[in-house]
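**Q** Have a peek at data_13.txt (compact mmCIF, C-alpha atoms and all ligand atoms).
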# COMPACT_ATOMS: atom_id res chain seq x y z
CA MET A 941 134.16 -55.02 -24.91
CA ILE A 942 131.83 -52.27 -23.77
CA LEU A 943 128.35 -51.42 -25.05
CA VAL A 944 126.19 -48.48 -23.94
CA HIS A 945 122.69 -47.18 -24.62
CA GLY A 946 121.35 -43.65 -24.41
CA GLY A 947 117.72 -44.55 -23.76
CA ALA A 948 114.74 -45.91 -25.64
CA GLY A 949 112.21 -43.38 -26.92
CA ASP A 950 111.58 -41.27 -29.98
CA VAL A 951 114.44 -38.81 -30.29
CA PRO A 952 113.66 -36.03 -32.80
CA THR A 953 115.59 -36.40 -36.04
CA ALA A 954 117.59 -33.22 -35.41
CA SER A 955 118.95 -34.59 -32.11
CA ARG A 956 119.77 -38.11 -33.23
CA ASP A 957 123.39 -37.40 -34.22
CA ALA A 958 124.10 -35.91 -30.78
CA HIS A 959 122.60 -38.95 -29.06
CA GLU A 960 124.69 -41.34 -31.12
CA ALA A 961 127.86 -39.24 -30.74
CA GLY A 962 127.53 -39.14 -26.95
CA CYS A 963 127.31 -42.93 -26.83
CA LEU A 964 130.48 -43.19 -28.90
CA GLU A 965 132.27 -40.76 -26.58
CA ALA A 966 131.18 -42.87 -23.61
CA VAL A 967 132.39 -46.21 -25.01
CA ARG A 968 135.71 -44.68 -25.99
CA ALA A 969 136.19 -43.55 -22.38
CA GLY A 970 135.09 -46.95 -21.07
CA GLY A 971 137.28 -48.66 -23.68
CA ALA A 972 140.31 -46.62 -22.61
CA ALA A 973 139.69 -47.77 -19.03
CA LEU A 974 139.51 -51.40 -20.22
CA ALA A 975 142.70 -50.98 -22.25
CA GLU A 976 144.43 -49.79 -19.08
CA GLY A 977 143.38 -53.00 -17.37
CA CYS A 978 140.39 -51.68 -15.40
CA SER A 979 137.64 -54.04 -14.30
CA ALA A 980 134.29 -54.35 -16.07
CA VAL A 981 132.64 -52.47 -13.19
CA GLU A 982 135.08 -49.57 -13.39
CA ALA A 983 134.81 -49.32 -17.20
CA ALA A 984 131.00 -49.39 -17.09
CA CYS A 985 130.99 -46.63 -14.45
CA THR A 986 133.47 -44.58 -16.48
CA ALA A 987 131.21 -44.76 -19.55
CA ILE A 988 128.07 -43.95 -17.56
CA GLU A 989 129.79 -40.99 -15.91
CA VAL A 990 130.43 -39.52 -19.38
CA LEU A 991 126.75 -39.96 -20.28
CA GLU A 992 125.64 -38.41 -16.96
CA ASP A 993 127.61 -35.29 -17.88
CA LEU A 994 126.01 -34.90 -21.31
CA PRO A 995 122.77 -32.85 -21.30
CA GLN A 996 121.06 -34.75 -24.12
CA TYR A 997 120.52 -37.76 -21.83
CA ASN A 998 118.11 -38.30 -18.96
CA ALA A 999 120.74 -38.93 -16.28
CA GLY A 1000 122.82 -36.54 -14.19
CA LYS A 1001 122.81 -33.26 -16.13
CA GLY A 1002 119.65 -33.07 -18.24
CA CYS A 1003 117.68 -35.56 -16.13
CA ALA A 1004 113.87 -35.66 -16.16
CA LEU A 1005 111.93 -34.07 -13.28
CA ASN A 1006 109.13 -35.37 -11.12
CA VAL A 1007 105.67 -33.81 -10.91
CA ASP A 1008 106.94 -31.23 -8.41
CA GLY A 1009 109.72 -30.20 -10.78
CA ARG A 1010 112.31 -31.88 -8.56
CA ILE A 1011 115.19 -34.20 -9.37
CA SER A 1012 114.77 -37.85 -8.30
CA LEU A 1013 117.50 -40.10 -9.67
CA ASP A 1014 117.54 -43.90 -9.93
CA VAL A 1015 120.78 -45.81 -10.49
CA ALA A 1016 122.37 -49.26 -10.16
CA ILE A 1017 125.52 -51.18 -10.94
CA MET A 1018 126.01 -54.94 -10.70
CA ASP A 1019 129.21 -56.99 -10.73
CA GLY A 1020 128.67 -60.26 -12.57
CA VAL A 1021 131.60 -61.96 -10.81
CA THR A 1022 131.01 -61.21 -7.16
CA MET A 1023 127.25 -60.82 -7.72
CA GLU A 1024 127.46 -57.64 -5.65
CA ALA A 1025 124.94 -54.95 -6.59
CA GLY A 1026 124.44 -51.34 -5.56
CA GLY A 1027 121.22 -49.49 -6.29
CA LEU A 1028 119.92 -46.10 -5.16
CA ALA A 1029 116.52 -44.58 -5.84
CA CYS A 1030 114.87 -41.17 -5.38
CA LEU A 1031 118.23 -39.43 -5.03
CA GLY A 1032 118.44 -35.67 -5.25
CA ALA A 1033 120.94 -33.69 -7.28
CA PHE A 1034 124.19 -35.64 -7.48
CA GLU A 1035 126.26 -35.17 -10.62
CA HIS A 1036 127.44 -38.78 -10.86
CA PRO A 1037 125.01 -41.12 -9.14
CA ILE A 1038 126.71 -44.14 -10.76
CA ARG A 1039 129.77 -43.54 -8.59
CA ILE A 1040 127.57 -43.68 -5.49
CA ALA A 1041 126.15 -47.01 -6.67
CA GLN A 1042 129.70 -48.26 -7.24
CA LYS A 1043 130.58 -47.28 -3.68
CA LEU A 1044 127.58 -49.24 -2.40
CA LEU A 1045 128.83 -52.44 -4.10
CA SER A 1046 131.00 -53.41 -1.16
CA GLU A 1047 128.16 -53.07 1.38
CA LYS A 1048 125.70 -55.77 2.36
CA GLU A 1049 122.74 -53.56 1.40
CA VAL A 1050 121.69 -53.62 -2.24
CA LEU A 1051 119.19 -50.76 -2.40
CA LEU A 1052 119.00 -47.44 -0.57
CA VAL A 1053 116.30 -44.84 -1.18
CA GLY A 1054 115.40 -41.21 -0.57
CA SER A 1055 116.94 -38.88 1.98
CA PRO A 1056 118.70 -41.65 3.97
CA ALA A 1057 120.37 -42.69 0.71
CA GLU A 1058 121.47 -39.09 0.17
CA GLU A 1059 122.80 -39.00 3.71
CA TRP A 1060 124.70 -42.25 3.08
CA ALA A 1061 126.21 -40.76 -0.08
CA ARG A 1062 127.27 -37.58 1.73
CA HIS A 1063 128.81 -39.66 4.47
CA HIS A 1064 130.85 -41.48 1.82
CA GLY A 1065 132.23 -38.30 0.29
CA PHE A 1066 129.70 -37.38 -2.39
CA SER A 1067 128.35 -33.83 -2.48
CA MET A 1068 124.97 -32.70 -3.69
CA VAL A 1069 124.89 -29.77 -6.11
CA PRO A 1070 122.19 -27.11 -6.56
CA GLU A 1071 119.38 -28.65 -8.65
CA ALA A 1072 119.71 -25.77 -11.13
CA ARG A 1073 123.11 -27.13 -12.13
CA LEU A 1074 121.55 -30.32 -13.51
CA ILE A 1075 118.27 -28.92 -14.89
CA THR A 1076 118.52 -27.76 -18.49
CA ASP A 1077 116.20 -25.31 -20.26
CA ALA A 1078 115.12 -28.08 -22.65
CA VAL A 1079 114.09 -30.32 -19.75
CA ARG A 1080 112.22 -27.52 -18.00
CA LYS A 1081 110.28 -26.91 -21.23
CA ILE A 1082 109.29 -30.57 -21.68
CA TRP A 1083 108.39 -30.80 -17.99
CA ARG A 1084 105.99 -27.84 -18.36
CA GLU A 1085 104.36 -29.45 -21.39
CA VAL A 1086 103.91 -32.78 -19.59
CA VAL A 1087 102.75 -31.42 -16.24
CA GLU A 1088 100.56 -28.65 -17.64
CA ASN A 1089 98.84 -31.10 -19.95
CA GLY A 1090 97.92 -33.00 -16.81
CA GLY A 1091 100.14 -35.90 -17.80
CA SER A 1092 102.40 -37.92 -15.60
CA GLY A 1093 104.41 -41.05 -16.18
CA ASN A 1094 105.56 -40.24 -19.71
CA PHE A 1095 108.84 -42.02 -20.09
CA ALA A 1096 111.29 -39.38 -21.11
CA GLY A 1097 113.85 -41.26 -23.21
CA GLY A 1098 117.53 -40.71 -22.59
CA THR A 1099 118.11 -43.10 -19.69
CA VAL A 1100 121.69 -44.37 -19.94
CA GLY A 1101 123.24 -47.77 -19.39
CA ALA A 1102 126.42 -49.76 -19.96
CA VAL A 1103 127.35 -53.43 -20.13
CA CYS A 1104 130.95 -54.50 -20.13
CA ARG A 1105 133.20 -57.56 -20.44
CA ASP A 1106 136.77 -57.02 -19.27
CA ALA A 1107 140.03 -58.69 -20.30
CA GLU A 1108 139.41 -61.53 -17.84
CA GLY A 1109 135.94 -62.15 -19.22
CA ASN A 1110 134.21 -60.67 -16.17
CA MET A 1111 130.99 -58.78 -16.84
CA ALA A 1112 129.14 -55.85 -15.27
CA ALA A 1113 125.99 -53.84 -15.99
CA GLY A 1114 124.88 -50.38 -14.90
CA THR A 1115 121.95 -48.02 -15.51
CA SER A 1116 121.36 -44.37 -14.53
CA THR A 1117 118.24 -42.25 -15.04
CA GLY A 1118 116.05 -39.37 -13.92
CA GLY A 1119 113.11 -41.72 -14.52
CA THR A 1120 109.88 -40.72 -16.17
CA MET A 1121 109.04 -37.07 -16.80
CA GLY A 1122 106.41 -35.74 -14.39
CA LYS A 1123 106.47 -38.93 -12.29
CA PRO A 1124 104.87 -38.83 -8.84
CA ALA A 1125 107.24 -38.03 -5.98
CA GLY A 1126 108.62 -41.30 -4.61
CA ARG A 1127 108.15 -43.26 -7.82
CA VAL A 1128 110.91 -45.79 -8.53
CA GLY A 1129 111.47 -47.28 -11.97
CA ASP A 1130 113.18 -50.45 -13.16
CA SER A 1131 116.69 -49.02 -13.48
CA PRO A 1132 117.88 -49.39 -9.83
CA LEU A 1133 116.22 -52.79 -9.38
CA VAL A 1134 118.36 -55.89 -9.83
CA GLY A 1135 116.66 -58.29 -12.23
CA ALA A 1136 114.35 -55.63 -13.67
CA GLY A 1137 116.38 -52.89 -15.42
CA THR A 1138 119.90 -53.99 -14.46
CA TYR A 1139 121.52 -57.42 -14.09
CA ALA A 1140 124.88 -59.16 -14.50
CA ASP A 1141 126.20 -62.65 -13.76
CA GLU A 1142 128.60 -65.08 -15.46
CA THR A 1143 126.22 -65.62 -18.42
CA CYS A 1144 125.25 -62.05 -19.28
CA ALA A 1145 125.19 -58.32 -18.54
CA ILE A 1146 121.97 -56.40 -19.26
CA SER A 1147 120.79 -52.80 -19.01
CA ALA A 1148 117.22 -51.91 -19.95
CA THR A 1149 115.35 -48.70 -20.75
CA GLY A 1150 111.72 -47.92 -21.40
CA GLU A 1151 108.44 -48.00 -19.52
CA GLY A 1152 109.82 -49.00 -16.14
CA GLU A 1153 106.64 -50.32 -14.56
CA SER A 1154 106.27 -52.89 -17.34
CA PHE A 1155 109.90 -53.96 -17.07
CA ILE A 1156 109.52 -54.37 -13.30
CA ARG A 1157 106.38 -56.49 -13.56
CA ALA A 1158 108.04 -58.62 -16.24
CA CYS A 1159 111.20 -59.19 -14.10
CA PHE A 1160 112.80 -58.30 -17.40
CA ALA A 1161 116.58 -58.64 -16.99
CA GLY A 1162 116.28 -61.73 -14.79
CA GLN A 1163 114.07 -63.38 -17.41
CA VAL A 1164 116.62 -62.68 -20.15
CA ALA A 1165 119.31 -64.33 -17.98
CA GLU A 1166 117.00 -67.29 -17.33
CA ALA A 1167 116.33 -67.73 -21.06
CA LEU A 1168 120.09 -67.75 -21.70
CA ARG A 1169 120.62 -70.37 -19.00
CA ASP A 1170 117.92 -72.44 -20.73
CA GLY A 1171 120.10 -72.41 -23.83
CA MET A 1172 118.38 -69.76 -25.91
CA ASP A 1173 120.61 -67.73 -28.22
CA PRO A 1174 121.35 -64.20 -26.93
CA HIS A 1175 119.56 -62.33 -29.71
CA GLY A 1176 116.49 -64.54 -29.40
CA ALA A 1177 116.45 -64.24 -25.61
CA LEU A 1178 116.55 -60.45 -25.67
CA TYR A 1179 114.09 -60.15 -28.53
CA SER A 1180 111.54 -62.52 -27.01
CA GLN A 1181 111.68 -60.79 -23.60
CA LEU A 1182 111.21 -57.33 -25.14
CA GLU A 1183 108.24 -58.73 -27.05
CA ARG A 1184 106.91 -60.24 -23.84
CA VAL A 1185 107.14 -56.83 -22.12
CA ARG A 1186 105.21 -55.30 -24.99
CA GLU A 1187 102.52 -57.97 -25.34
CA ARG A 1188 101.92 -59.10 -21.78
CA TYR A 1189 102.83 -55.94 -19.85
CA GLN A 1190 101.94 -53.27 -22.43
CA GLY A 1191 105.34 -51.59 -22.25
CA VAL A 1192 107.86 -50.56 -24.89
CA GLY A 1193 111.57 -49.97 -24.50
CA GLY A 1194 114.92 -51.47 -25.31
CA ALA A 1195 117.96 -53.13 -23.81
CA ILE A 1196 121.62 -53.93 -24.37
CA LEU A 1197 123.17 -57.34 -23.76
CA LEU A 1198 126.65 -58.84 -23.57
CA THR A 1199 127.38 -62.56 -23.15
CA PRO A 1200 130.71 -64.31 -22.46
CA GLY A 1201 131.90 -64.69 -26.05
CA GLY A 1202 129.18 -63.07 -28.10
CA PRO A 1203 128.79 -59.83 -30.04
CA PRO A 1204 127.18 -56.68 -28.60
CA ILE A 1205 123.38 -56.79 -28.91
CA ALA A 1206 121.10 -53.73 -28.77
CA LEU A 1207 117.36 -54.12 -29.46
CA ARG A 1208 114.31 -51.87 -29.01
CA THR A 1209 110.57 -51.80 -29.49
CA THR A 1210 110.57 -47.98 -29.64
CA GLU A 1211 111.39 -45.63 -32.52
CA THR A 1212 114.91 -44.97 -31.31
CA MET A 1213 117.53 -46.13 -28.82
CA SER A 1214 121.03 -44.74 -29.29
CA TRP A 1215 123.88 -47.19 -28.68
CA ALA A 1216 127.60 -47.66 -29.26
CA TRP A 1217 130.17 -50.35 -28.63
CA TRP A 1218 133.93 -50.49 -28.41
CA SER A 1219 136.38 -53.36 -28.39
CA PRO A 1220 140.12 -53.55 -29.14
CA GLU A 1221 139.09 -54.68 -32.66
CA GLY A 1222 136.88 -51.70 -33.47
CA GLU A 1223 133.78 -49.71 -32.60
CA GLY A 1224 130.28 -49.06 -33.86
CA SER A 1225 127.24 -46.92 -33.11
CA GLY A 1226 123.64 -46.35 -34.13
CA ILE A 1227 120.24 -45.10 -33.09
N1 LIG A 1301 113.09 -47.10 -17.49
C1 LIG A 1301 113.15 -45.77 -16.98
C2 LIG A 1301 112.13 -45.64 -15.85
O1 LIG A 1301 111.05 -46.15 -15.97
C3 LIG A 1301 112.88 -44.71 -17.98
C4 LIG A 1301 113.60 -44.83 -19.30
O2 LIG A 1301 114.30 -45.80 -19.55
O3 LIG A 1301 113.47 -43.91 -20.11
O4 LIG A 1301 112.42 -44.97 -14.88
Would you put the structure from the file into structure tokens?

**A**
Amino acid sequence: MILVHGGAGDVPTASRDAHEAGCLEAVRAGGAALAEGCSAVEAACTAIEVLEDLPQYNAGKGCALNVDGRISLDVAIMDGVTMEAGGLACLGAFEHPIRIAQKLLSEKEVLLVGSPAEEWARHHGFSMVPEARLITDAVRKIWREVVENGGSGNFAGGTVGAVCRDAEGNMAAGTSTGGTMGKPAGRVGDSPLVGAGTYADETCAISATGEGESFIRACFAGQVAEALRDGMDPHGALYSQLERVRERYQGVGGAILLTPGGPPIALRTTETMSWAWWSPEGEGSGI
């Protein structure tokens, strides 16, 4: 089974169909990979790569920009079997940052940031593209509104994530984002941080989206896993941790969760969060 999200936020009504449709496209690609016998990690990366290519999401093409109008991408993938994780933060214009994170899985290091991270990616065969190739007119317009109104730290909506359980029951989770619109240079959100925005082990796979600072302070994904280990039911665990983020850390957002035998779960405390799931038995989507 594979489940993806296309970011918590408040997507305008006119764009909601496109957000839902992109999620469905992504799970079908991830599902095809699973059907061919690919691992949970590979299927999650396949789905996220599709979402990174679609301009309606805040990842890869269409990503949010920092206060200087520059691209600064955050990404992570975690393998719930080996417990290997690869995260990169403050990356410049790479089309598919999730594939760089996947490459990092086999290294000892879990998190690389900034220009050394870019250098590492180049060294491992990934090329940067001109920023203009990833910046859409729609994003430039929102960026102007945010930055010219003196705002920073608005979370943009449209972060993408995937959680997956393969034929052997192994799980993986990944998240990819441009972060918050108008963020300060150097700001890192929850997405590339294991236990905050992304986490997988033998009990669960989780990808979060929303106001990253709150999710970091709440140790969000790790707390969901802990609640599951304490015997809480998956829906209750996710719901109570999202409520905790809202009440104790003043942050809204959403998350997707898979457990060893359970159904796909997608919950949010925002107006919208697009999602879709696929399994050999069927598929579903919503926003
Ligand atoms: N959580 C992301 C961040 O804070 C933003 C989002 O999910 O929209 O970077």

**Q** Of the residues A:Asp1019, A:Asp1014, A:Glu1059, A:Glu1071, which is the one nearest to ligand LIG 1301 (chain A), using all atoms listed in the file?

**A**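 The shortest atom-to-atom distance to ligand LIG 1301 (chain A) comes from A:Asp1014.
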
**Q** Mind dumping a table of every chain A residue within 8 Å of ligand LIG 1301 (chain A), with the nearest atom pair and its distance in Å to one decimal, using all atoms listed in the file, sorted by chain and rising number, as a Markdown table?

**A**
| residue | atom | partner | partner_atom | distance |
| --- | --- | --- | --- | --- |
| A:Gly947 | CA | A:LIG1301 | O2 | 5.6 |
| A:Ala948 | CA | A:LIG1301 | O3 | 6.0 |
| A:Gly949 | CA | A:LIG1301 | O3 | 6.9 |
| A:Asn998 | CA | A:LIG1301 | O3 | 7.4 |
| A:Asp1014 | CA | A:LIG1301 | O4 | 7.2 |
| A:Phe1095 | CA | A:LIG1301 | O3 | 5.0 |
| A:Ala1096 | CA | A:LIG1301 | O3 | 5.1 |
| A:Gly1097 | CA | A:LIG1301 | O3 | 4.1 |
| A:Gly1098 | CA | A:LIG1301 | O3 | 5.7 |
| A:Thr1099 | CA | A:LIG1301 | O2 | 4.7 |
| A:Val1100 | CA | A:LIG1301 | O2 | 7.5 |
| A:Thr1117 | CA | A:LIG1301 | O4 | 6.4 |
| A:Gly1118 | CA | A:LIG1301 | O4 | 6.7 |
| A:Gly1119 | CA | A:LIG1301 | O4 | 3.3 |
| A:Thr1120 | CA | A:LIG1301 | O4 | 5.1 |
| A:Val1128 | CA | A:LIG1301 | O4 | 6.6 |
| A:Gly1129 | CA | A:LIG1301 | O4 | 3.8 |
| A:Asp1130 | CA | A:LIG1301 | N1 | 5.5 |
| A:Ser1131 | CA | A:LIG1301 | N1 | 5.7 |
| A:Gly1137 | CA | A:LIG1301 | N1 | 7.0 |
| A:Ala1148 | CA | A:LIG1301 | O2 | 6.8 |
| A:Thr1149 | CA | A:LIG1301 | O2 | 3.3 |
| A:Gly1150 | CA | A:LIG1301 | O2 | 3.8 |
| A:Glu1151 | CA | A:LIG1301 | O1 | 4.8 |
| A:Gly1152 | CA | A:LIG1301 | O1 | 3.1 |
| A:Glu1153 | CA | A:LIG1301 | O1 | 6.2 |
| A:Phe1155 | CA | A:LIG1301 | N1 | 7.6 |
| A:Gly1193 | CA | A:LIG1301 | O2 | 7.0 |

**Q** Give me the residues near A:Leu964 as a VMD selection string, where near means some atom within 9 Å (using only C-alpha atoms) and where sequence neighbours in that chain fewer than 6 positions away do not count.

**A** chain A and resid 944 1215 to 1218 1223 to 1225

**Q** Using only C-alpha atoms, what does the table of stretch 943-1054 of chain A residues within 10 Å of stretch 1074-1092 of chain A look like, with each row giving the shortest atom pair and its distance in Å to one decimal, sorted by chain and ascending number, as CSV?

**A**
residue,atom,partner,partner_atom,distance
A:Glu992,CA,A:Leu1074,CA,9.7
A:Asp993,CA,A:Leu1074,CA,9.0
A:Pro995,CA,A:Thr1076,CA,7.2
A:Gln996,CA,A:Ala1078,CA,9.1
A:Asn998,CA,A:Val1079,CA,9.0
A:Ala999,CA,A:Leu1074,CA,9.1
A:Gly1000,CA,A:Leu1074,CA,6.4
A:Lys1001,CA,A:Leu1074,CA,4.1
A:Gly1002,CA,A:Thr1076,CA,5.4
A:Cys1003,CA,A:Ile1075,CA,6.8
A:Ala1004,CA,A:Val1079,CA,6.4
A:Leu1005,CA,A:Trp1083,CA,6.7
A:Asn1006,CA,A:Trp1083,CA,8.3
A:Val1007,CA,A:Val1087,CA,6.5
A:Asp1008,CA,A:Val1087,CA,8.9
A:Gly1009,CA,A:Trp1083,CA,7.4
A:Arg1010,CA,A:Ile1075,CA,9.2
A:Ile1011,CA,A:Ile1075,CA,8.2
A:Ala1033,CA,A:Leu1074,CA,7.1
A:Phe1034,CA,A:Leu1074,CA,8.5
A:Glu1035,CA,A:Leu1074,CA,7.4

**Q** Grab the residues selected above and save them as a compact mmCIF listing (two decimals), in the frame of the given file with C-alpha atoms.

**A**
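Output saved as out-v8.txt:
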# COMPACT_ATOMS: atom_id res chain seq x y z
CA GLU A 992 125.64 -38.41 -16.96
CA ASP A 993 127.61 -35.29 -17.88
CA PRO A 995 122.77 -32.85 -21.30
CA GLN A 996 121.06 -34.75 -24.12
CA ASN A 998 118.11 -38.30 -18.96
CA ALA A 999 120.74 -38.93 -16.28
CA GLY A 1000 122.82 -36.54 -14.19
CA LYS A 1001 122.81 -33.26 -16.13
CA GLY A 1002 119.65 -33.07 -18.24
CA CYS A 1003 117.68 -35.56 -16.13
CA ALA A 1004 113.87 -35.66 -16.16
CA LEU A 1005 111.93 -34.07 -13.28
CA ASN A 1006 109.13 -35.37 -11.12
CA VAL A 1007 105.67 -33.81 -10.91
CA ASP A 1008 106.94 -31.23 -8.41
CA GLY A 1009 109.72 -30.20 -10.78
CA ARG A 1010 112.31 -31.88 -8.56
CA ILE A 1011 115.19 -34.20 -9.37
CA ALA A 1033 120.94 -33.69 -7.28
CA PHE A 1034 124.19 -35.64 -7.48
CA GLU A 1035 126.26 -35.17 -10.62

**Q** Find the residue from A:Ala969, A:Leu994, A:Ala1113, A:Leu1207 that sits nearest to A:Ala1025; use only C-alpha atoms when measuring.

**A** A:Ala1113

**Q** In Å, with one decimal, what is the gap from atom CA of A:Ala1112 to atom CA of A:Cys1144?

**A**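 Answer for the atom CA of A:Ala1112 to atom CA of A:Cys1144 separation: 8.3 Å.
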
**Q** Neighbours of stretch 1178-1181 of chain A within 12 Å (all atoms listed in the file; same-chain residues fewer than 3 positions away dropped), as a ChimeraX atom specification?

**A** /A:1136,1144-1148,1154-1155,1158-1168,1172-1175,1184-1189,1191-1199,1204-1209

**Q** Give as a ChimeraX atom specification each residue that has an atom at most 12 Å from (135.2, -41.7, 0.4) in the file, counting only C-alpha atoms.

**A** /A:1039-1040,1042-1044,1060-1067

**Q** For A:Val1053, which residue among A:Gly1226, A:Pro1132, A:Gly1101, A:Pro1070 is the nearest when counting all atoms listed in the file?

**A** A:Pro1132

**Q** May I ask for the distance between atom CA of A:Leu1013 and atom CA of A:Leu1052, given in Å to one decimal place?

**A**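 Separation of atom CA of A:Leu1013 and atom CA of A:Leu1052: 11.8 Å.
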
**Q** Can you measure atom CA of A:Met1111 to atom CA of A:Tyr997 for me? One decimal in Å is fine.

**A**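 Computing the Euclidean distance for atom CA of A:Met1111 and atom CA of A:Tyr997 yields 24.0 Å.
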
**Q** With all atoms listed in the file as the atoms that count, which of A:Ser955, A:Thr1143, A:Ser1012, A:Ser1116 lies nearest to A:Gly1202?

**A**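 Smallest distance to A:Gly1202 is found for A:Thr1143.
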
**Q** Select, from A:Val990, A:Ile942, A:Gly1176, A:Val981, the residue with the minimum atom-to-atom distance to A:Glu1221, counting only C-alpha atoms.

**A** A:Ile942

**Q** Assuming 6 Å of padding per side, give the centre and edge lengths of the axis-aligned box around every listed atom of stretch 1031-1037 of chain A, in Å to one decimal and as lines of an AutoDock Vina configuration file.

**A**
center_x = 122.8
center_y = -37.4
center_z = -7.9
size_x = 21.2
size_y = 19.4
size_z = 17.8

**Q** Looking at A:Asp1141, A:Asp1106, A:Glu960, A:Asp1170, which one is nearest to A:Met941, with distances taken over only C-alpha atoms?

**A**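 Between A:Asp1141, A:Asp1106, A:Glu960, A:Asp1170, the residue approaching A:Met941 most closely is A:Asp1106.
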